[in-house]
file query-v7.txt (compact mmCIF, C-alpha atoms and all ligand atoms)
# COMPACT_ATOMS: atom_id res chain seq x y z
CA MET A 16 95.87 79.03 117.52
CA ARG A 17 93.59 76.30 116.17
CA ARG A 18 96.03 75.16 113.51
CA HIS A 19 98.60 74.25 116.21
CA LYS A 20 95.98 73.24 118.80
CA LEU A 21 97.85 75.67 121.00
CA ALA A 22 96.88 78.46 123.38
CA LEU A 23 99.61 80.64 124.87
CA CYS A 24 99.76 83.27 127.59
CA GLU A 25 101.34 86.64 126.85
CA GLU A 26 104.78 85.67 128.10
CA HIS A 27 104.96 82.49 126.06
CA TYR A 28 103.39 84.05 122.97
CA LEU A 29 106.15 86.66 122.99
CA GLU A 30 108.68 83.83 122.96
CA TRP A 31 106.81 81.71 120.41
CA PHE A 32 106.36 84.43 117.77
CA PRO A 33 110.03 85.49 117.43
CA ALA A 34 111.03 81.82 117.39
CA GLN A 35 108.69 81.26 114.42
CA VAL A 36 110.23 84.19 112.56
CA GLU A 37 113.72 82.92 113.32
CA ARG A 38 112.73 79.49 112.02
CA ALA A 39 111.53 80.92 108.71
CA ILE A 40 114.70 83.02 108.36
CA SER A 41 116.91 79.98 108.77
CA LYS A 42 114.67 77.50 106.89
CA TYR A 43 114.72 79.63 103.76
CA HIS A 44 118.30 80.91 104.30
CA MET A 45 117.09 84.51 104.23
CA PHE A 46 119.98 86.33 105.97
CA ASP A 47 122.28 86.17 108.98
CA ARG A 48 123.32 88.53 111.75
CA GLU A 49 126.35 89.79 109.80
CA GLN A 50 124.14 91.09 107.02
CA ARG A 51 122.26 94.40 106.83
CA VAL A 52 118.52 94.21 106.36
CA LEU A 53 116.29 96.98 105.03
CA VAL A 54 112.69 96.59 106.20
CA ALA A 55 109.93 98.09 104.07
CA VAL A 56 107.63 99.85 106.57
CA SER A 57 104.19 101.22 105.91
CA GLY A 58 102.97 102.02 109.43
CA GLY A 59 100.82 98.87 109.42
CA LYS A 60 101.01 96.01 111.91
CA ASP A 61 102.92 93.60 109.69
CA SER A 62 105.85 95.80 108.76
CA LEU A 63 106.25 97.37 112.23
CA SER A 64 106.03 93.95 113.89
CA LEU A 65 108.62 92.59 111.48
CA TRP A 66 111.00 95.46 112.18
CA ASP A 67 110.45 95.07 115.92
CA VAL A 68 111.00 91.33 115.94
CA LEU A 69 114.14 91.53 113.80
CA MET A 70 115.66 94.07 116.17
CA GLN A 71 114.64 91.90 119.13
CA LEU A 72 116.36 88.93 117.52
CA GLY A 73 119.56 90.94 117.16
CA TYR A 74 119.53 91.50 113.39
CA GLN A 75 120.90 94.72 111.84
CA ALA A 76 117.59 96.05 110.56
CA ASP A 77 116.89 99.56 109.28
CA GLY A 78 113.60 100.78 107.80
CA ILE A 79 112.42 102.47 104.63
CA TYR A 80 109.18 104.38 104.23
CA VAL A 81 107.95 105.56 100.83
CA ASP A 82 105.64 108.55 101.31
CA LEU A 83 103.20 108.30 98.40
CA GLY A 84 101.17 111.37 99.34
CA ILE A 85 97.87 109.47 99.65
CA ASP A 86 95.23 111.50 101.46
CA GLY A 87 91.86 109.74 101.10
CA GLY A 88 90.17 112.46 103.16
CA PHE A 89 92.01 111.54 106.37
CA GLY A 90 95.67 112.00 105.49
CA TYR A 91 96.46 108.30 105.04
CA SER A 92 100.18 108.75 104.26
CA LYS A 93 100.67 111.37 107.00
CA LEU A 94 98.93 109.17 109.55
CA SER A 95 101.03 106.17 108.50
CA PHE A 96 104.21 108.17 108.95
CA ALA A 97 103.06 109.41 112.37
CA LYS A 98 102.72 105.76 113.48
CA ILE A 99 106.26 105.03 112.29
CA GLU A 100 107.58 108.09 114.14
CA ALA A 101 105.83 106.92 117.33
CA PHE A 102 107.43 103.49 116.86
CA LEU A 103 110.86 105.10 116.46
CA ALA A 104 110.43 107.28 119.55
CA GLY A 105 110.89 104.23 121.75
CA ARG A 106 113.76 102.82 119.68
CA PRO A 107 116.53 105.42 119.37
CA ALA A 108 118.94 103.00 117.67
CA ALA A 109 116.60 102.37 114.74
CA ARG A 110 117.42 104.13 111.46
CA LEU A 111 114.77 105.07 108.92
CA HIS A 112 115.12 106.13 105.27
CA VAL A 113 112.23 108.22 103.95
CA VAL A 114 111.46 108.75 100.26
CA ASP A 115 109.03 111.59 99.68
CA VAL A 116 107.64 110.90 96.19
CA LEU A 117 106.22 114.42 95.74
CA ALA A 118 109.52 116.06 96.71
CA GLU A 119 111.61 113.66 94.59
CA TYR A 120 109.49 113.44 91.45
CA GLY A 121 107.10 116.41 91.60
CA GLU A 122 103.85 114.45 91.93
CA THR A 123 102.12 112.34 94.55
CA LEU A 124 101.07 108.79 93.64
CA PRO A 125 97.39 109.79 93.08
CA GLN A 126 98.50 112.64 90.77
CA ALA A 127 100.92 110.48 88.79
CA ALA A 128 98.39 107.65 88.52
CA ARG A 129 95.62 109.99 87.40
CA ARG A 130 97.86 111.34 84.65
CA LYS A 131 99.11 107.92 83.60
CA LEU A 132 95.83 105.99 83.81
CA ARG A 133 93.52 108.92 82.99
CA GLY A 134 91.23 107.92 85.84
CA ARG A 135 90.45 104.57 84.21
CA ASP A 136 91.82 102.45 87.01
CA LYS A 137 92.87 102.40 90.66
CA PRO A 138 96.45 103.60 91.25
CA CYS A 139 97.63 100.27 92.70
CA ALA A 140 99.73 99.17 89.71
CA VAL A 141 101.55 102.53 89.67
CA CYS A 142 101.89 102.35 93.46
CA GLY A 143 103.57 98.94 93.25
CA LEU A 144 105.89 100.18 90.53
CA ILE A 145 106.99 103.22 92.59
CA LYS A 146 107.45 101.27 95.83
CA ARG A 147 109.42 98.46 94.18
CA HIS A 148 111.70 100.88 92.36
CA GLU A 149 112.39 103.18 95.30
CA MET A 150 112.92 100.41 97.84
CA ASN A 151 115.33 98.69 95.52
CA ARG A 152 117.12 101.98 94.83
CA ILE A 153 117.66 102.71 98.54
CA ALA A 154 118.68 99.09 99.25
CA CYS A 155 121.30 99.18 96.46
CA GLU A 156 122.54 102.75 97.10
CA HIS A 157 123.11 102.06 100.79
CA GLY A 158 124.58 98.60 100.36
CA TYR A 159 121.90 96.56 102.18
CA ASP A 160 122.20 92.82 101.72
CA VAL A 161 118.50 92.18 101.69
CA LEU A 162 115.13 93.91 101.48
CA ALA A 163 112.51 92.46 103.86
CA THR A 164 108.76 92.93 103.54
CA GLY A 165 106.01 92.16 106.07
CA HIS A 166 103.87 89.91 103.85
CA ASN A 167 102.09 87.41 106.09
CA LEU A 168 100.53 84.03 105.32
CA ASP A 169 97.12 85.54 104.53
CA ASP A 170 98.74 87.83 101.94
CA GLU A 171 100.74 85.02 100.38
CA ALA A 172 97.81 82.58 100.29
CA ALA A 173 95.55 85.21 98.66
CA VAL A 174 98.15 85.96 95.98
CA LEU A 175 98.65 82.25 95.43
CA LEU A 176 94.91 81.69 95.00
CA SER A 177 94.73 84.49 92.48
CA ASN A 178 97.77 83.16 90.58
CA VAL A 179 96.36 79.63 90.54
CA LEU A 180 92.85 80.69 89.49
CA TYR A 181 94.28 82.24 86.35
CA TRP A 182 97.31 79.90 86.08
CA GLN A 183 99.73 82.80 86.02
CA ILE A 184 102.78 80.61 85.62
CA GLY A 185 105.25 83.51 85.48
CA TYR A 186 103.89 84.96 88.74
CA LEU A 187 103.84 81.52 90.37
CA ALA A 188 107.48 81.10 89.44
CA ARG A 189 108.33 84.32 91.26
CA GLN A 190 106.16 83.70 94.34
CA SER A 191 108.72 82.68 96.93
CA PRO A 192 109.79 83.61 100.49
CA VAL A 193 113.17 84.52 98.96
CA LEU A 194 113.99 86.13 95.62
CA ALA A 195 117.70 85.97 94.91
CA ALA A 196 119.58 89.15 94.07
CA GLN A 197 120.20 89.80 90.40
CA ASP A 198 122.39 92.44 88.81
CA GLY A 199 120.97 95.70 90.21
CA LEU A 200 118.12 93.98 92.06
CA ALA A 201 118.37 93.51 95.82
CA ARG A 202 117.63 90.14 97.42
CA LYS A 203 114.02 90.10 98.72
CA VAL A 204 112.67 88.11 101.66
CA LYS A 205 109.38 87.64 103.52
CA PRO A 206 110.13 86.44 107.07
CA LEU A 207 106.45 86.49 108.17
CA CYS A 208 105.21 84.37 105.26
CA ARG A 209 104.24 81.40 107.49
CA LEU A 210 102.44 83.46 110.14
CA TYR A 211 98.73 84.19 110.02
CA GLU A 212 97.63 87.81 109.92
CA ARG A 213 95.90 87.47 113.30
CA GLU A 214 99.08 86.05 114.82
CA VAL A 215 100.98 89.13 113.67
CA ALA A 216 98.21 91.39 115.00
CA ALA A 217 98.41 89.62 118.37
CA TYR A 218 102.16 90.19 118.47
CA ALA A 219 101.74 93.90 117.69
CA LEU A 220 99.11 94.21 120.40
CA LEU A 221 101.18 92.45 123.05
CA ARG A 222 104.28 94.47 122.17
CA GLY A 223 102.29 97.71 122.43
CA ILE A 224 102.98 98.65 118.81
CA ASP A 225 100.57 101.36 117.73
CA TYR A 226 99.90 100.86 114.03
CA ILE A 227 97.55 102.34 111.44
CA TYR A 228 94.18 100.58 111.52
CA GLU A 229 92.76 102.43 108.55
CA GLU A 230 93.29 100.74 105.20
CA CYS A 231 94.59 102.63 102.20
CA PRO A 232 91.55 104.35 100.62
CA TYR A 233 92.24 102.54 97.33
CA VAL A 234 92.01 99.07 98.83
CA THR A 235 88.19 98.91 98.72
CA GLY A 236 86.85 96.42 96.25
CA SER A 237 90.25 94.80 95.70
CA THR A 238 90.15 91.21 94.54
CA THR A 239 92.84 90.30 97.08
CA LEU A 240 90.41 91.20 99.88
CA PHE A 241 87.79 88.96 98.27
CA TYR A 242 90.26 86.06 98.07
CA LYS A 243 91.22 86.62 101.71
CA GLU A 244 87.57 86.33 102.72
CA MET A 245 87.19 83.10 100.75
CA LEU A 246 90.29 81.65 102.38
CA ASN A 247 89.04 82.71 105.83
CA ARG A 248 85.87 80.71 105.22
CA LEU A 249 87.94 77.72 104.21
CA GLU A 250 90.15 78.14 107.26
CA ALA A 251 87.12 78.36 109.58
CA ASN A 252 85.99 74.95 108.27
CA SER A 253 89.40 73.32 108.28
CA PRO A 254 92.00 74.99 110.49
CA GLY A 255 95.42 75.03 108.88
CA ALA A 256 94.05 75.01 105.32
CA LYS A 257 95.73 78.30 104.43
CA LEU A 258 99.11 77.15 105.66
CA GLN A 259 98.83 73.80 103.87
CA PHE A 260 97.83 75.51 100.63
CA TYR A 261 100.89 77.76 100.75
CA VAL A 262 103.46 75.33 102.12
CA HIS A 263 102.49 72.53 99.72
CA PHE A 264 102.78 74.98 96.84
CA LEU A 265 106.32 75.89 97.95
CA ARG A 266 107.18 72.19 98.13
CA ALA A 267 105.79 71.47 94.67
CA ARG A 268 107.60 74.51 93.32
CA LYS A 269 110.86 73.29 94.82
CA GLU A 270 110.29 69.85 93.31
CA GLY A 271 110.08 71.51 89.92
CA PHE A 272 106.39 71.44 89.02
CA LEU A 273 106.80 74.78 87.27
CA GLY A 274 109.57 73.34 85.11
CA ALA A 275 111.50 75.75 82.92
CA GLN A 276 109.01 78.53 83.71
CA ALA A 277 110.91 79.14 86.92
CA ALA A 278 113.86 80.37 84.86
CA GLN A 279 114.64 84.05 85.26
CA VAL A 280 113.52 86.53 82.63
CA PRO A 281 116.55 88.20 80.93
CA LEU A 282 116.99 91.78 82.17
CA THR A 283 118.94 94.76 80.85
CA PRO A 284 119.85 97.96 82.72
CA CYS A 285 117.61 101.00 82.20
CA PRO A 286 119.69 103.69 80.43
CA ASN A 287 118.36 106.35 82.83
CA CYS A 288 118.31 104.87 86.36
CA GLY A 289 120.39 101.74 85.81
CA GLN A 290 117.84 99.41 87.41
CA PRO A 291 117.19 96.19 85.50
CA THR A 292 114.19 96.05 83.20
CA SER A 293 112.68 93.33 81.02
CA VAL A 294 111.74 95.76 78.23
CA PRO A 295 114.21 97.47 75.89
CA GLY A 296 114.88 101.16 76.66
CA LEU A 297 113.67 103.04 79.72
CA CYS A 298 112.20 101.07 82.62
CA ALA A 299 108.52 101.52 83.49
CA PHE A 300 109.40 103.73 86.46
CA CYS A 301 111.43 106.18 84.35
CA ARG A 302 108.77 106.19 81.64
CA LEU A 303 106.23 107.22 84.31
CA TRP A 304 108.10 110.48 84.99
CA GLN A 305 109.12 111.29 81.42
CA PRO A 306 108.32 114.90 80.46
CA ARG A 307 105.03 115.26 78.61
CA ASP A 308 106.77 116.18 75.28
CA SER A 309 108.80 112.99 75.10
CA ARG A 310 105.73 110.99 76.11
CA GLU A 311 103.90 112.46 73.14
CA ASN A 312 106.88 111.63 70.83
CA ASP A 313 106.84 108.08 72.10
CA ARG A 314 103.39 107.42 70.73
S1 LIG B 1 98.75 99.26 96.24
FE1 LIG B 1 96.79 100.27 96.12
FE2 LIG B 1 98.01 99.30 98.35
FE3 LIG B 1 99.16 101.31 97.00
S2 LIG B 1 97.38 102.42 96.32
FE4 LIG B 1 96.90 101.74 98.39
S3 LIG B 1 95.82 99.83 98.06
S4 LIG B 1 98.90 101.20 99.20
S5 LIG B 1 99.25 97.71 99.28
ZN ZN B 2 114.77 103.51 84.90
call {"tool": "encode", "arguments": {"input": "query-v7.txt", "output": "structure tokens"}}
result
Amino acid sequence: MRRHKLALCEEHYLEWFPAQVERAISKYHMFDREQRVLVAVSGGKDSLSLWDVLMQLGYQADGIYVDLGIDGGFGYSKLSFAKIEAFLAGRPAARLHVVDVLAEYGETLPQAARRKLRGRDKPCAVCGLIKRHEMNRIACEHGYDVLATGHNLDDEAAVLLSNVLYWQIGYLARQSPVLAAQDGLARKVKPLCRLYEREVAAYALLRGIDYIYEECPYVTGSTTLFYKEMLNRLEANSPGAKLQFYVHFLRARKEGFLGAQAAQVPLTPCPNCGQPTSVPGLCAFCRLWQPRDSRENDR
């Protein structure tokens, strides 16, 4: 690990990594051992490693998987779920919630996105909307104290770069390792936010976690990937650059450089699902599934 000028053997790496996660949890006051954590799992290395490490550290951590019905010619969603099932096979105490989007709402993500976007765009915005809504729904319905995601430092630095390039002040205000709970919105945390992607991959490898290597078929050409490549080049030249970029942003944010922009947007409950929304009337998730007739009337 060039940024720490540190090289560890397997035994010590498997001590170092959980200690780093524990440090982030306590530094940002994410949760404690009395609280119930819901981990968003995708079958990838980050989310499975996070779930594994939280259980190792003695936290009450359950999982949630949202089956979006993505195929991509190789059964991406099915393969992802198979990895999660393999993970669970060795951990009988772990509990998983599964939301099958097709069974619940009558369409897979690609079908809903095609209808909504008329093939003009990739389904990622609709995907984010569905995942956010369903994870929050399960967290609230089952009384979890916090929803944890496996975003690592590379993810956070890439999002930060994108937000800074376009000075997206509203997004910058919400980019934090912890988002406090609001009425109807679960508390959200990112315990891996200070760990590099390759550090998480090393942990998964050493712990024997079999995860999905294939990327989602819709990820190709994403700007986030491009920003990650740029940051990797920067990191290769000056080790630690990614971490400094992110950590110094958090410090500046805490010191108030975003000013009043950091204030929360007023939210009202959606009349259909009850989840908070910033627009009057139905939330974006409920509008997505509205019957065709009422969609026509809306125009
Ligand atoms: S948003 Fe887009 Fe990802 Fe959803 S459709 Fe695939 S690439 S999985 S994080
Ligand atoms: Zn709604």
call {"tool": "residues_near_ligand", "arguments": {"input": "query-v7.txt", "ligand": "ligand ZN 2 (chain B)", "cutoff": "9 Å", "atoms": "only C-alpha atoms and all ligand atoms", "output": "PyMOL selection string"}}
result
chain A and resi 148+284-292+296-302
call {"tool": "closest_residue", "arguments": {"input": "query-v7.txt", "among": "A:Arg51, A:Lys243, A:Lys93, A:Lys60", "to": "Tyr159 (chain A)", "atoms": "all atoms listed in the file"}}
result
A:Arg51
call {"tool": "residues_near_ligand", "arguments": {"input": "query-v7.txt", "ligand": "ligand LIG 1 (chain B)", "cutoff": "8 Å", "atoms": "only C-alpha atoms and all ligand atoms", "output": "PyMOL selection string"}}
result
chain A and resi 85+124+137-143+230-235+237
call {"tool": "closest_residue", "arguments": {"input": "query-v7.txt", "among": "A:Ser177, A:Ala251, A:Ile224, A:Val161", "to": "Arg106 (chain A)", "atoms": "all atoms listed in the file"}}
result
A:Ile224
call {"tool": "axis_aligned_box", "arguments": {"input": "query-v7.txt", "around": "region 141-151 of chain A", "padding_each_side": "3 Å", "output": "AutoDock Vina command-line options"}}
result
--center_x 108.4 --center_y 100.8 --center_z 93.8 --size_x 19.8 --size_y 10.8 --size_z 14.2
call {"tool": "atom_distance", "arguments": {"input": "query-v7.txt", "atom1": "CA of Tyr80 (chain A)", "atom2": "CA of His112 (chain A)"}}
result
6.3 Å
call {"tool": "residues_around", "arguments": {"input": "query-v7.txt", "residues": "Leu221 (chain A)", "least_positions_apart": "3", "cutoff": "8 Å", "atoms": "only C-alpha atoms", "output": "list in words"}}
result
Glu25, Leu29, Ala217, Tyr218 and Ile224 of chain A
call {"tool": "closest_residue", "arguments": {"input": "query-v7.txt", "among": "A:Leu273, A:Ala201, A:Leu94, A:Leu111", "to": "Trp182 (chain A)", "atoms": "only C-alpha atoms"}}
result
A:Leu273
call {"tool": "closest_residue", "arguments": {"input": "query-v7.txt", "among": "A:Glu244, A:Glu26, A:Glu119, A:Asp160", "to": "Ala196 (chain A)", "atoms": "only C-alpha atoms"}}
result
A:Asp160
call {"tool": "residues_around", "arguments": {"input": "query-v7.txt", "residues": "Gly255 (chain A)", "least_positions_apart": "4", "cutoff": "9 Å", "atoms": "all atoms listed in the file", "output": "ChimeraX atom specification"}}
result
/A:17-19,250-251,259-260
call {"tool": "closest_residue", "arguments": {"input": "query-v7.txt", "among": "A:Lys257, A:Arg110, A:His166, A:Lys20", "to": "Val52 (chain A)", "atoms": "only C-alpha atoms"}}
result
A:Arg110
call {"tool": "atom_distance", "arguments": {"input": "query-v7.txt", "atom1": "CA of Glu171 (chain A)", "atom2": "CA of Val204 (chain A)"}}
result
12.4 Å
call {"tool": "residues_near_point", "arguments": {"input": "query-v7.txt", "point": "(111.2, 88.8, 81.5)", "cutoff": "6 Å", "atoms": "only C-alpha atoms", "output": "PyMOL selection string"}}
result
chain A and resi 280-281+293
call {"tool": "atom_distance", "arguments": {"input": "query-v7.txt", "atom1": "CA of His27 (chain A)", "atom2": "CA of Cys208 (chain A)"}}
result
20.9 Å
call {"tool": "residues_around", "arguments": {"input": "query-v7.txt", "residues": "Gly58 (chain A)", "least_positions_apart": "4", "cutoff": "7 Å", "atoms": "all atoms listed in the file", "output": "ChimeraX atom specification"}}
result
/A:62-63,95-96,98-99,226-227
call {"tool": "residues_around", "arguments": {"input": "query-v7.txt", "residues": "Gly274 (chain A)", "least_positions_apart": "5", "cutoff": "12 Å", "atoms": "all atoms listed in the file", "output": "list in words"}}
result
Ile184, Gly185, Leu187, Ala188, Ala267, Arg268, Lys269 and Gln279 of chain A
call {"tool": "closest_residue", "arguments": {"input": "query-v7.txt", "among": "A:Lys203, A:Leu282, A:Ala195, A:Asp225", "to": "Val294 (chain A)", "atoms": "only C-alpha atoms"}}
result
A:Leu282
call {"tool": "decode", "arguments": {"input": "query-v7.txt", "residues": "region 88-105 of chain A", "atoms": "N, CA and C atoms", "output": "PDB file, in the first residue's frame"}}
result
ATOM      1  N   GLY A  88     -27.164 -10.652 -21.767  1.00  0.00           N
ATOM      2  CA  GLY A  88     -26.637 -11.770 -22.546  1.00  0.00           C
ATOM      3  C   GLY A  88     -25.947 -12.822 -21.689  1.00  0.00           C
ATOM      4  N   PHE A  89     -25.746 -12.548 -20.410  1.00  0.00           N
ATOM      5  CA  PHE A  89     -25.103 -13.562 -19.551  1.00  0.00           C
ATOM      6  C   PHE A  89     -25.791 -13.684 -18.188  1.00  0.00           C
ATOM      7  N   GLY A  90     -27.013 -13.154 -18.117  1.00  0.00           N
ATOM      8  CA  GLY A  90     -27.774 -13.295 -16.861  1.00  0.00           C
ATOM      9  C   GLY A  90     -27.120 -12.567 -15.712  1.00  0.00           C
ATOM     10  N   TYR A  91     -26.827 -11.269 -15.905  1.00  0.00           N
ATOM     11  CA  TYR A  91     -26.100 -10.490 -14.895  1.00  0.00           C
ATOM     12  C   TYR A  91     -26.757 -10.550 -13.512  1.00  0.00           C
ATOM     13  N   SER A  92     -28.056 -10.303 -13.447  1.00  0.00           N
ATOM     14  CA  SER A  92     -28.726 -10.293 -12.127  1.00  0.00           C
ATOM     15  C   SER A  92     -28.744 -11.685 -11.508  1.00  0.00           C
ATOM     16  N   LYS A  93     -28.984 -12.696 -12.330  1.00  0.00           N
ATOM     17  CA  LYS A  93     -29.022 -14.086 -11.809  1.00  0.00           C
ATOM     18  C   LYS A  93     -27.647 -14.481 -11.270  1.00  0.00           C
ATOM     19  N   LEU A  94     -26.616 -14.123 -12.026  1.00  0.00           N
ATOM     20  CA  LEU A  94     -25.249 -14.460 -11.620  1.00  0.00           C
ATOM     21  C   LEU A  94     -24.891 -13.736 -10.323  1.00  0.00           C
ATOM     22  N   SER A  95     -25.305 -12.479 -10.217  1.00  0.00           N
ATOM     23  CA  SER A  95     -25.037 -11.700  -9.001  1.00  0.00           C
ATOM     24  C   SER A  95     -25.684 -12.380  -7.802  1.00  0.00           C
ATOM     25  N   PHE A  96     -26.931 -12.812  -7.993  1.00  0.00           N
ATOM     26  CA  PHE A  96     -27.652 -13.445  -6.884  1.00  0.00           C
ATOM     27  C   PHE A  96     -27.001 -14.772  -6.499  1.00  0.00           C
ATOM     28  N   ALA A  97     -26.507 -15.502  -7.510  1.00  0.00           N
ATOM     29  CA  ALA A  97     -25.837 -16.786  -7.229  1.00  0.00           C
ATOM     30  C   ALA A  97     -24.606 -16.553  -6.344  1.00  0.00           C
ATOM     31  N   LYS A  98     -23.897 -15.441  -6.577  1.00  0.00           N
ATOM     32  CA  LYS A  98     -22.711 -15.139  -5.747  1.00  0.00           C
ATOM     33  C   LYS A  98     -23.135 -14.852  -4.309  1.00  0.00           C
ATOM     34  N   ILE A  99     -24.258 -14.163  -4.162  1.00  0.00           N
ATOM     35  CA  ILE A  99     -24.739 -13.845  -2.809  1.00  0.00           C
ATOM     36  C   ILE A  99     -25.165 -15.141  -2.100  1.00  0.00           C
ATOM     37  N   GLU A 100     -25.830 -16.021  -2.853  1.00  0.00           N
ATOM     38  CA  GLU A 100     -26.251 -17.292  -2.244  1.00  0.00           C
ATOM     39  C   GLU A 100     -25.042 -18.110  -1.807  1.00  0.00           C
ATOM     40  N   ALA A 101     -23.979 -18.091  -2.614  1.00  0.00           N
ATOM     41  CA  ALA A 101     -22.758 -18.831  -2.252  1.00  0.00           C
ATOM     42  C   ALA A 101     -22.157 -18.227  -0.982  1.00  0.00           C
ATOM     43  N   PHE A 102     -22.186 -16.909  -0.888  1.00  0.00           N
ATOM     44  CA  PHE A 102     -21.678 -16.206   0.294  1.00  0.00           C
ATOM     45  C   PHE A 102     -22.475 -16.626   1.536  1.00  0.00           C
ATOM     46  N   LEU A 103     -23.796 -16.728   1.369  1.00  0.00           N
ATOM     47  CA  LEU A 103     -24.669 -17.063   2.495  1.00  0.00           C
ATOM     48  C   LEU A 103     -24.504 -18.514   2.941  1.00  0.00           C
ATOM     49  N   ALA A 104     -24.130 -19.372   1.994  1.00  0.00           N
ATOM     50  CA  ALA A 104     -24.007 -20.800   2.306  1.00  0.00           C
ATOM     51  C   ALA A 104     -23.037 -21.036   3.463  1.00  0.00           C
ATOM     52  N   GLY A 105     -22.005 -20.208   3.525  1.00  0.00           N
ATOM     53  CA  GLY A 105     -21.027 -20.383   4.604  1.00  0.00           C
ATOM     54  C   GLY A 105     -21.340 -19.537   5.832  1.00  0.00           C
TER      55      GLY A 105
END
